[in-house]
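Trainee: Below is the structure I would like to discuss, written out as structure tokens.
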Amino acid sequence: MATAPSIGTQLVIRLETPNTPGSFGVLASAIGDAGGMVGAVDTRTVGKTTIVRDVTVNVSSELVGDRVLQSIGAIDGVRIVNVSDSTFLAHLGGKIRTGITRPVKTRQDLSTVYTPGVARVSSAIAKEPNKAYALTIKRNTICVLTDGTAVLGLGDIGPYGAAPVMEGKCMLFKQFADIDAFPICLDTKSVDEIVETAKRIAPIFGGINLEDISAPRCFEVERRLVEELDIPVMHDDQHGTAVVILSALMNAAEVIGKKIDEMTVVLSGSGAAGTATIKMLLAAGVRDVIAVDREGALTSDQQYQNPHWTWLAENTNRERRHGSLQDVLRGTDAFIGVSAPGILQPEWIATMARDPIIFAMANPTPEIMPELAAPYAAVVGTGRSDFPNQINNLLAFPGIFRGALDCRARRITEGMKLAAARAIAGIVGEERSAEYIIPSVFDTRVVEAVAQAVTQAAIEEGVARRELLMSDDEAVAEPAGTR
């Protein structure tokens with residue numbers, strides 16, 4: 001049975017070994033027996049009795065790396081001087097940095113970009129704040145904001161622990177959508193303080209991507225910021241995931257010959273991603289969704305302290321099905337899991353309707369491994385990259401924010417998210433199959449298609465401040481007050 005995926009890495013191990021015939025062969029054998037593979041070997045110093053070498057060892061996981069080091073440490077006469085890990089080396093000094101758009105080489109350059117020339121630009125923006133979009137980084141910069149309380153696979157690790165993840169998110173924005181993003185990691189768990197801080201720093205950003213904030217606080221943080229700011233705010237863990245799940249479901253339904261407005265979906269996990277996904281499925285016309293949590297199906301004839309569960313209970317499970325996940329799966333068309341590993345049994349899938357769809361999204365270990373679901377399901381998707389149909393929110397958030405920034409949207413609406421889902425599904429087109437219901441995250445068509453769809457939806461819904469009919473140079477040349 002497959003287990004959680006591990007990222008292979010390289011260890012560069014500086015070793016002091018005896019300067020005797022056969023000593024390196026003993027070392028290489030120990031590394032191989034522990035599961036490592038020797039790569040490059042660089043000799044640093046050679047003495048009468050010892051040799052210091054840098055040995056590069058490829059390992060398939062952190063666990064294998066630990067075994068290799070233990071095996072080396074058990075060899076008589078061998079001393080581990082230092083160990084470098086390629087993953088940690090990739091993070092040295094952070095993964096992002098700022099840059100400049102023009103060099104400062106002369107006094108004239110300095111006078112233009114800073115004092116005294118900058119005073120004219122500052123005065124123009126002070127009179128007409130919207131010109132900040134044309135004359136500052138605001139037009140292409142977003143804030144990736146977190147409190148570090150719900151980092152994927154790690155939980156509440158705080159703002160410092162979350163920082164490398166936020167840097168990675170910023171890298172993805174730049175790589176995939178050419179958006180400048182900056183990580184803001186807040187040392188507070190107070191909803192009021194998070195909201196107030198975001199509002200204070202908002203003037204320099206064109207949008208805010210909320211990240212890894214635990215439920216239910218994430219709902220309140222997002223709701224208040226959407227209401228109180230005039231720039232797009234989106235909690236990607238909720239909405240990016242929901243968009244891509246809907247895209248995958250659209251194409252999976254086409255593969256099996258069903259219409260989503262005739263489908264009943266069981267969704268396990270009623271947290272942030274689950275709630276957003278349910279709302280999006282209903283908005284897209286799915287006939288019914290049955291929300292299931294630890295205690296079983298949510299039903300409208302029960303009382304819940306969690307207001308989000310109350311909303312779900314009142315707006316889902318039209319037939320008031322009661323019972324466990326196994327109970328409510330019978331006769332349904334699709335299962336979507338955003339919950340916990342190993343909770344779905346293969347034989348339960350056999351009780352579902354014709355050609356069931358299984359999206360097991362828990363990471364790194366899904367609700368059911370694809371090879372266990374495959375004999376019973378028509379279409380299987382996961383959040384993993386080592387199986388077909390990876391349902392990854394990277395397909396959504398770069399294009400959504402690219403489109404929102406391009407049209408200077410005041411907010412991200414349900415219509416914009418639905419448009420993004422349809423655009424992602426449309427990339428697959430007629431090539432769709434049971435093992436190809438969602439495009440690759442490296443498909444270069446995705447961001448442009450999503451951005452265009454989001455921009456058009458924003459214009460149609462009246463939340464766009466710019467209809468892409470005018471360049472920024474033309475905007476700057478306009479008289480104040482004409483836009």
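Residue numbering restarts at 1 in every chain; chains get A, B, ... in the order shown in the structure tokens, and ligands count up from 1 in that same order.
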Using only C-alpha atoms, which residues sit within 6 Å of stretch 415-430 of chain A once same-chain residues fewer than 4 positions away are excluded, as a PyMOL selection string?
Mentor: chain A and resi 243+247+439+449-450+453-454+457
Trainee: If you run DSSP over the backbone, which residues in stretch 102-218 of chain A end up strand (DSSP E)? Put them as a list in words.
Mentor: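 Result set for stretch 102-218 of chain A (strand (DSSP E)): Thr141, Ile142, Cys143, Val144, Leu145, Thr146, Asp180, Ala181, Phe182, Pro183, Ile184, Cys185, Gly207, Ile208, Asn209 and Leu210 of chain A.
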Trainee: Could you please determine the separation between atom CA of A:Glu222 and atom CA of A:Gly207 in Å, to one decimal place?
Mentor: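 Separation between atom CA of A:Glu222 and atom CA of A:Gly207: 12.3 Å.
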Trainee: Can you tell me, as a compact mmCIF listing (two decimals) with N, CA and C atoms, in the first residue's frame, what residues are no more than 8 Å from A:Arg320 when counting only C-alpha atoms, ignoring any on the same chain fewer than 3 positions away?
Mentor:
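Result went into part.txt, see below:
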# COMPACT_ATOMS: atom_id res chain seq x y z
N THR A 299 -27.38 17.70 9.26
CA THR A 299 -28.78 17.73 8.85
C THR A 299 -29.48 18.93 9.47
N SER A 300 -30.50 19.42 8.79
CA SER A 300 -31.20 20.63 9.24
C SER A 300 -32.05 20.40 10.48
N ASP A 301 -32.29 19.15 10.86
CA ASP A 301 -33.10 18.90 12.06
C ASP A 301 -32.24 18.75 13.32
N ASN A 317 -27.98 18.57 1.97
CA ASN A 317 -28.63 17.33 2.44
C ASN A 317 -30.15 17.46 2.38
Trainee: If you count only C-alpha atoms, which residues fall within 9 Å of A:Phe401, apart from same-chain ones fewer than 2 positions away, as a list in words?
Mentor: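 Selected residues are Ile142, Phe173, Ala177, Ile179, Gly207, Asn209, Pro232, Met234, Ala396, Phe397, Pro398, Gly399, Gly403, Ala404, Leu405, Asp406, Ile412, Ala451 and Val454 of chain A.
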Trainee: Deliver the residues from the most recent selection as a file, using C-alpha atoms, as a short mmCIF file (atom, residue, chain, number, x, y, z; two decimals), in the first residue's frame.
Mentor:
data_model
loop_
_atom_site.label_atom_id
_atom_site.label_comp_id
_atom_site.auth_asym_id
_atom_site.auth_seq_id
_atom_site.Cartn_x
_atom_site.Cartn_y
_atom_site.Cartn_z
CA ILE A 142 -0.20 41.45 -3.47
CA PHE A 173 2.76 34.09 -7.89
CA ALA A 177 1.52 34.97 -13.15
CA ILE A 179 2.76 39.02 -9.84
CA GLY A 207 -4.76 42.59 -3.34
CA ASN A 209 -4.11 36.56 -0.40
CA PRO A 232 -9.57 41.94 -3.80
CA MET A 234 -9.25 35.90 -1.06
CA ALA A 396 -6.44 28.78 -9.69
CA PHE A 397 -4.89 31.47 -7.53
CA PRO A 398 -2.24 32.91 -9.92
CA GLY A 399 -4.78 33.43 -12.70
CA GLY A 403 -7.22 38.87 -13.70
CA ALA A 404 -8.31 40.80 -10.60
CA LEU A 405 -5.22 43.01 -10.73
CA ASP A 406 -5.46 43.58 -14.48
CA ILE A 412 -13.36 38.71 -6.01
CA ALA A 451 -7.13 35.73 -15.94
CA VAL A 454 -11.94 36.50 -14.29
#
Trainee: Using only C-alpha atoms, which protein or nucleic acid residues come within 10 Å of A:Leu394? Drop anything in the same chain fewer than 6 positions from it, and give the result as JSON, numbers by chain.
Mentor: {"A": [169, 172, 173, 176, 236, 240, 241, 244, 440, 441, 442, 446, 447]}
Trainee: When you draw a straight line from atom CA of A:Ala90 to atom CA of A:Asp54, how long is it in Å?
Mentor: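 These atoms are spaced 18.3 Å apart.
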Trainee: Report as JSON, numbers by chain all protein, DNA and RNA residues lying within 7 Å of stretch 262-272 of chain A, evaluated on only C-alpha atoms, omitting residues in the same chain fewer than 5 positions from it.
Mentor: {"A": [215, 238, 286, 287, 288, 289, 290, 291, 292, 293, 329, 332, 333, 334, 335, 336, 337, 338, 339]}
Trainee: What is the distance, in Å and to one decimal place, between atom CA of A:Thr49 and atom CA of A:Asp33?
Mentor: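 Separation between atom CA of A:Thr49 and atom CA of A:Asp33: 26.1 Å.
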Trainee: Compare A:Asp180, A:Glu16, A:Glu460, A:Glu228 by their minimum atom-to-atom distance to A:Thr98, counting only C-alpha atoms, and give me the closest one.
Mentor: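 Under the stated criterion, the closest residue is A:Asp180.
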